[in-house]
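I have placed the structure first, in the form of structure tokens, so that the comments after it can refer back to it.
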Amino acid sequence: MSDSPSTRNADDLEVPLVDDRSYRYWTLPATSTADVVTTDRPGLRVLLVHDDSVDKGAAAVDVAVGQFQDGDLPGLAHLTEHMLFLGTQRFPQENALDSFLAAHGGHSNAYTDLEHTVYYMDVQAAQLEPALDRFGSCFEAPLLLENCVARELQAVDSEHGKNKQSDFWRYHQLTKTLLGQHNSHVYQQFGTGNLESLQPQGTAVLRQAVHDFYQRYYHTARMTLCVLGNQDLDVLQGWVEKYFGSLPSQPSDTLVEPPVPPLTPVLPQRVHVVPTRETNVLELQWCLREIQSLYRSKPTRILSHLLGHEGPGSLLAVLRERLWVQELYADDSSKTTSAFSIFCVQLELTVLGWEHVNDVVATVYRYIGLLQNEIPAWVADELQTTASTQFRFLSKSSPSDTVSRVAHQMQEFAIAHVLSGPYLVYEHDMAAVQSCLASLHVDNMLVLVASKEYTGQTTATDPWYGTQYATVALEPDALEAWRQARSAATDGSGVDFIGLHLPDRNDMLATDFELKTSPYAVFAKTNTNDSNGDNGNVPPPPRCLLDTDTCRLWYKPDTEFRMPKVNIMCVLRSATAYESVTQSVLASLWSETADELCNVFSYAASMAGLHCNFSNTRNGMELHLSGYHDKAHVLLQRIVDTVRDFRVTPDLFERIQSKLEQQFQEFLVAQPYQHAIYAGDLCLETPKWDIHDRLQCLASLTLNDLQHFGRHILARFQLEMLVHGNVTASEAVQLSDIVLLGWRPQAPLNQIDVRVVQLPAQGSEGTSTVHRFSGWNEDDENSSVCNIYQVGTMDTKMNATLGLLHHLIREPAFGQLRTQEQLGYIVHTQVKTSGDKVKSLLFLIQSDSFDPIHMDQRIEAFLVDFRHKLVQMSEPDFAANVGALCQSFLEKNKNLSEESSRYWHVITNQTYRFYRMSELAAAAQTVTKLDVLRFLDRHVLATSPYRRKLSVQVFGQNHIADLLDKTDVAGDGIVLVESANDFRRSQALFPMQASASIEDWRLDAKDD
């Protein structure tokens, strides 16, 4: 197959330096209804990607239609997105696509935005052609059946119900309403949709509306397609021509769509909002011209970079010094359309900051004034350099992420820039920067202030989310003060009188990109057996360079991706971080404080592509550092020096303490399904500290407590460290020396032993364990159930059997419980690990329509029905599922970070089973259908006396009466857990596992 004149190859696309894929772009000619090629209507724009290394193929379609085209039915574009995958003329079965993908290791998904709807899927590479057949038919001839419309309408409503208590969605809709209400702009519309907005006239009318929407907008002139596979480009092109060649072209009688009008809000405005969280937020929004056409110069990126900077003299640094602000985000991209853009600065205020909100706004304008006076040329040069480096060494992402991103970018950028457009700055245009900056003025501003303090002071309610708010008159004095702040000049030194100034030049920019070669033969990939089993051509794992009572160092050079990058992962193993609720809270305080102390220099490093952060775990404190190898040692040394000194002022401690309290409070109003999972962990794992106890403990802690904890944690720990990337073994040792010589620890006295509760077997009477409680957020209507079917510690064969059972059950569970029964928007299954080794099968549902008891009953009914279908499954279908599972176990790493994460997982749980996935794949090939049925019968089905089940049931406000009616369940075969802590203490624990040996992983002289 030869390239046509309209075909472009990789030479026409700007690609990353490290990109080994090949590309082909062309326009598939449009066809009429008689399948005749037409020349007067736009065809389908297609980009093919060939990648030898992928084990999955993927495809995505972007349709240039979204919420702006909803018309009189808010949410219509979103509902149409839900409908497209539910049966087609060639594949009328509702779940034809998803069941095929699930059986062959794939999945599908979609999302609807203001002006675009994106559909994507992935599958085993060998099954890409039949998957494309099914995927393409969804766009060619979807059935759009009325009964499916009725069900998916319920799904859309449940999705909205999930979002109703989210401040993100609440602020988003409210600001859209306020900015778009003038002239009834389409921006103000409710884009998600729900029962109220979509079904005013009945299902039959709605089905016709979906059909008409599809006919009007789903044609090739609005579509782009990206397909990725390991097949030859000619083969991929043939498949696209075969399965997408008959997509509807633009009807000749299609009305010309008027462009989206510019946004002309009445500004300035100020609005006070009551949030769901215990938080104080200030959000400033300014309307700008459209900036999509300015992607070559990206003028707002400079503004976002400078306003969002976190280094010395930055807006955030000065506001933090005044104890007014915790965090600041400057966003120039999330609210960009073809007709206008909105630039947003969001600040998380302290209580003191909320009391000085007008002063905070004035400070923002003082910084804007600095930018208006002068933005040095080197700022733009530096941004251009970092963007170029980022794109030059851009890591691969998963096939589904790649195609969904690229299909959308094909709508946004010139063909040559489809890959590079989001990253590169092609030219400087300081006039455009100043033009955008000129729009950031007082009379073009929406001010949103959110605080619980406004409760009882609101005058209006958003009809879609129930957000309580009040539009407040702007005081002339405040407006004038903000205008003066914006026009204030510096003293000529570039430093504002309150300390604001532009960032210094970045001394962390990488300049050394030379790739290093390891001399160790042990890191060469082979296909041979070794003492750890057949590695199946899996990359060789890390080796242990050092093993002492204070340091265990793991090293792995980058033999796969050949990037000038390194990942450094450290855990400071010590019981000090989690041995009591007080210690666990202090560990959280310490990690937050350490991050902020290091932010003085680490933010500049992050701008140069070198990232770091602290976190606290049950094992101890973790430090992760990743990015270009060139300055990694410099950043690590600065971190070690800063943390060793740990100079914390009382003001900083108070602010971090308040920040952590806010994080705890936010979890209390998180989604009910999150509370269900958390409560399950509280019942099963020890030690595990309750969020309410942690919140109470936090208030009593002092700066002296934190300083004492910091000295104690650095005095005794064992460093376990992974250095993976473009470094030599000697450089890895030098990196560990920076930590050990900087902190000079002694060996820890003890480490945390995580134990797991062994749930009681239900016995012949079928008794199950249930933990019921009302939702922590009294305003949330959603309920949730989390069923945990505990199996225990298992050998490799049993692990593979559980994995296969979950693989077989995942798609049918979603299809029955979510699509058919519409129990809730969130329906999820997974293999759960408690502690490090105890396995369970987990079912999770969240619903605003059904109570948890009903959801639990429907899960149990599904399991019985699933067994019947499994018995009837043909041997070829079963074998196909086994093959898909094996391939998922052996799925290749997409990038260096993914490879590092896999190593780090087995290092932190101290199993050191680096070939575990290939061992599971080998074991899965021996699992029979009878093995799965026996496993299901013994561990999951209600008829088994050996079953160990925990059902965590969270009752939302819609179903709180059901909880009150069913508190007395004695004799119903249910053991109620009143207190997770008491239950955990009263139950038997699984035995502790023996420590794993690392003898096979040492890098000795003989290995060189």
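In the structure tokens, each chain is lettered A, B, ... as it comes, each chain's residues begin at 1, and ligands are numbered from 1 in order of appearance.
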Glu427 in chain A surroundings by only C-alpha atoms, 7 Å radius, close-in-sequence under 2 positions cut, as a PyMOL selection string: chain A and resi 296-297+425+429
With a distance cut-off of 7 Å and only C-alpha atoms, select the neighbouring residues of range 947-949 of chain A, excluding the residue or stretch itself and same-chain residues fewer than 5 positions from it, and output the selection as a compact mmCIF listing (two decimals) with C-alpha atoms, in the first residue's frame.
# COMPACT_ATOMS: atom_id res chain seq x y z
CA LEU A 759 -12.38 -12.69 59.51
CA PRO A 760 -14.53 -15.36 61.15
CA ALA A 761 -15.77 -18.06 58.79
CA GLN A 762 -19.54 -17.84 58.39
CA SER A 768 -21.56 -12.73 57.91
CA THR A 769 -19.84 -9.71 59.43
CA ILE A 788 -14.72 -7.86 51.14
CA TYR A 789 -14.51 -11.61 50.50
CA GLN A 790 -11.33 -12.51 52.35
CA ARG A 938 -15.24 -21.97 48.83
CA HIS A 939 -14.32 -18.32 49.32
CA VAL A 940 -17.05 -16.17 47.77
For range 301-315 of chain A, find every residue with an atom within 8 Å (counting only C-alpha atoms), except residues of its own chain fewer than 2 positions away, and show them as a short mmCIF file (atom, residue, chain, number, x, y, z; two decimals) with C-alpha atoms, in the first residue's frame.
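Output file result-v8.cif follows:
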data_model
loop_
_atom_site.label_atom_id
_atom_site.label_comp_id
_atom_site.auth_asym_id
_atom_site.auth_seq_id
_atom_site.Cartn_x
_atom_site.Cartn_y
_atom_site.Cartn_z
CA LYS A 298 1.62 30.34 24.61
CA PRO A 299 1.44 33.80 26.21
CA ALA A 317 5.87 33.04 49.39
CA VAL A 318 4.87 36.54 50.51
CA LEU A 319 1.29 35.52 51.25
CA LEU A 328 -1.91 28.97 45.33
CA TYR A 329 -2.71 27.73 41.82
CA ALA A 330 -2.56 29.79 38.64
CA ASP A 331 -4.46 27.99 35.87
CA ASP A 332 -4.42 29.12 32.26
CA THR A 363 -1.32 41.57 46.92
CA VAL A 364 -2.26 39.58 43.82
CA TYR A 367 2.33 41.13 41.63
CA ILE A 368 0.37 41.64 38.41
CA VAL A 379 12.04 34.25 31.65
CA ALA A 380 10.59 33.38 28.26
CA LEU A 383 10.44 28.46 29.76
CA VAL A 433 1.77 38.32 26.81
CA LEU A 437 -1.88 40.56 31.10
CA GLY A 499 9.05 41.74 49.24
CA LEU A 500 7.50 40.67 45.96
CA HIS A 501 9.90 40.13 43.09
CA LEU A 502 10.27 38.02 39.98
CA PRO A 503 12.05 34.67 40.34
CA ASN A 599 10.23 24.33 48.65
CA VAL A 600 12.60 27.31 48.67
CA PHE A 601 14.81 25.42 46.21
CA TYR A 603 10.19 24.43 43.29
CA ALA A 604 12.88 25.72 40.95
#
Neighbour list for Met798 in chain A as a PyMOL selection string, cut-off 12 Å, only C-alpha atoms, skip fewer than 2 positions in-chain: chain A and resi 791-796+800-805+838-840+919-920+923-924+926-928+931-932+934-936+939
Spatial neighbours of range 537-552 of chain A, 6 Å, only C-alpha atoms, chain gap at least 3 places, as a VMD selection string: chain A and resid 523 525 to 527 555 to 556 718 to 720 747 1001 to 1003
Backbone DSSP call of strand (DSSP E) for range 472-589 of chain A, listed as a PyMOL selection string: chain A and resi 472+529-530+533-534+543-547+551-557+565-573
Pick from A:Leu371, A:Ile752, A:Leu132, A:Ile960 nearest to Pro687 in chain A, counting only C-alpha atoms: A:Ile752
Distance of CA of Gly956 in chain A from CA of Asn782 in chain A, expressed in Å to one decimal place: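 Going from CA of Asn782 in chain A over to CA of Gly956 in chain A covers 4.8 Å.
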Taking 3 positions as the minimum chain separation for residues in the same chain, which residues sit within 10 Å of Arg638 in chain A when counting only C-alpha atoms? Answer as a compact mmCIF listing (two decimals) with C-alpha atoms, in the first residue's frame.
# COMPACT_ATOMS: atom_id res chain seq x y z
CA CYS A 598 12.59 22.42 50.92
CA PHE A 601 14.81 25.42 46.21
CA SER A 602 12.75 22.37 45.19
CA HIS A 633 22.68 14.81 43.65
CA VAL A 634 22.58 18.58 44.14
CA LEU A 635 18.89 18.50 45.02
CA ASP A 641 20.96 19.66 54.74
CA THR A 642 17.62 21.46 55.11
CA VAL A 643 15.88 18.62 56.90
CA ARG A 644 18.83 18.11 59.24
CA ILE A 738 24.59 11.86 51.01
Give me, as a Markdown table, each residue of range 350-429 of chain A that comes within 10 Å of range 39-54 of chain A, together with its shortest interatomic pair and the distance in Å at one decimal, counting only C-alpha atoms, with rows ordered by chain and rising residue number.
| residue | atom | partner | partner_atom | distance |
| --- | --- | --- | --- | --- |
| A:Ser398 | CA | A:Val54 | CA | 8.8 |
| A:Pro399 | CA | A:Val54 | CA | 7.7 |
| A:Thr402 | CA | A:Val49 | CA | 9.8 |
| A:Val403 | CA | A:Val49 | CA | 8.8 |
| A:Val406 | CA | A:Leu47 | CA | 8.4 |
| A:Ala407 | CA | A:Leu47 | CA | 7.9 |
| A:Met410 | CA | A:Arg45 | CA | 8.2 |
| A:Gln411 | CA | A:Arg45 | CA | 9.3 |
| A:Ile415 | CA | A:Leu47 | CA | 9.4 |
| A:Val418 | CA | A:Leu47 | CA | 9.5 |
Generate the output file for the selected residues, C-alpha atoms, as a short mmCIF file (atom, residue, chain, number, x, y, z; two decimals), in the first residue's frame.
data_model
loop_
_atom_site.label_atom_id
_atom_site.label_comp_id
_atom_site.auth_asym_id
_atom_site.auth_seq_id
_atom_site.Cartn_x
_atom_site.Cartn_y
_atom_site.Cartn_z
CA SER A 398 -0.09 3.90 28.12
CA PRO A 399 -1.59 3.26 24.67
CA THR A 402 -1.67 8.24 24.15
CA VAL A 403 -4.48 7.85 21.62
CA VAL A 406 -3.44 12.67 20.44
CA ALA A 407 -6.95 12.40 18.96
CA MET A 410 -5.43 16.67 16.24
CA GLN A 411 -8.38 19.04 16.70
CA ILE A 415 -0.60 18.50 11.86
CA VAL A 418 0.05 17.36 16.88
#
Nearest to Arg366 in chain A by atom-to-atom distance, counting only C-alpha atoms, from A:Val447, A:Val273, A:Ala485, A:Val581: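 Closest to Arg366 in chain A, using only C-alpha atoms: A:Ala485.
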Shortest interatomic distance to Gln93 in chain A - which of A:Ala715, A:Leu288, A:Leu73, A:Cys138, counting only C-alpha atoms: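 Of A:Ala715, A:Leu288, A:Leu73, A:Cys138, the one nearest Gln93 in chain A, counting only C-alpha atoms, is A:Cys138.
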Among listed residues A:Leu370, A:Leu233, A:Ala150, A:Ala438, nearest Thr300 in chain A (using only C-alpha atoms):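 Closest candidate: A:Ala438.
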Using only C-alpha atoms: which of A:Pro945, A:Leu976, A:Asp122, A:Asn95 has the shortest distance to Ser404 in chain A: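 Of A:Pro945, A:Leu976, A:Asp122, A:Asn95, the one nearest Ser404 in chain A is A:Asp122, counting only C-alpha atoms.
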Residue nearest Ser108 in chain A among A:Glu811, A:Val361, A:Gly245, A:Ser137 (counting only C-alpha atoms): A:Glu811
Check which residues of range 561-586 of chain A sit at most 10 Å from range 893-899 of chain A using only C-alpha atoms, and return one row each with the closest pair of atoms and their distance in Å to one decimal, ordered by chain and rising number, as a tab-separated table.
residue	atom	partner	partner_atom	distance
A:Phe561	CA	A:Leu896	CA	6.7
A:Arg562	CA	A:Leu896	CA	9.0
A:Met563	CA	A:Leu896	CA	8.2
A:Lys565	CA	A:Leu896	CA	8.2
A:Val566	CA	A:Leu896	CA	8.2
A:Asn567	CA	A:Ser897	CA	7.1
How would the residues just picked look written out with N, CA and C atoms as a PDB file, in the first residue's frame?
ATOM      1  N   PHE A 561      14.846   2.169  28.627  1.00  0.00           N
ATOM      2  CA  PHE A 561      14.327   3.382  27.989  1.00  0.00           C
ATOM      3  C   PHE A 561      15.427   4.346  27.549  1.00  0.00           C
ATOM      4  N   ARG A 562      16.610   4.167  28.120  1.00  0.00           N
ATOM      5  CA  ARG A 562      17.768   4.959  27.741  1.00  0.00           C
ATOM      6  C   ARG A 562      17.445   6.448  27.753  1.00  0.00           C
ATOM      7  N   MET A 563      17.052   6.901  28.926  1.00  0.00           N
ATOM      8  CA  MET A 563      16.717   8.307  29.149  1.00  0.00           C
ATOM      9  C   MET A 563      17.702   8.900  30.147  1.00  0.00           C
ATOM     10  N   LYS A 565      17.559  10.222  32.873  1.00  0.00           N
ATOM     11  CA  LYS A 565      16.757  10.459  34.062  1.00  0.00           C
ATOM     12  C   LYS A 565      17.083   9.429  35.131  1.00  0.00           C
ATOM     13  N   VAL A 566      16.682   9.749  36.363  1.00  0.00           N
ATOM     14  CA  VAL A 566      16.902   8.835  37.479  1.00  0.00           C
ATOM     15  C   VAL A 566      15.723   8.940  38.435  1.00  0.00           C
ATOM     16  N   ASN A 567      15.369   7.827  39.034  1.00  0.00           N
ATOM     17  CA  ASN A 567      14.395   7.800  40.121  1.00  0.00           C
ATOM     18  C   ASN A 567      15.097   7.326  41.380  1.00  0.00           C
TER      19      ASN A 567
END
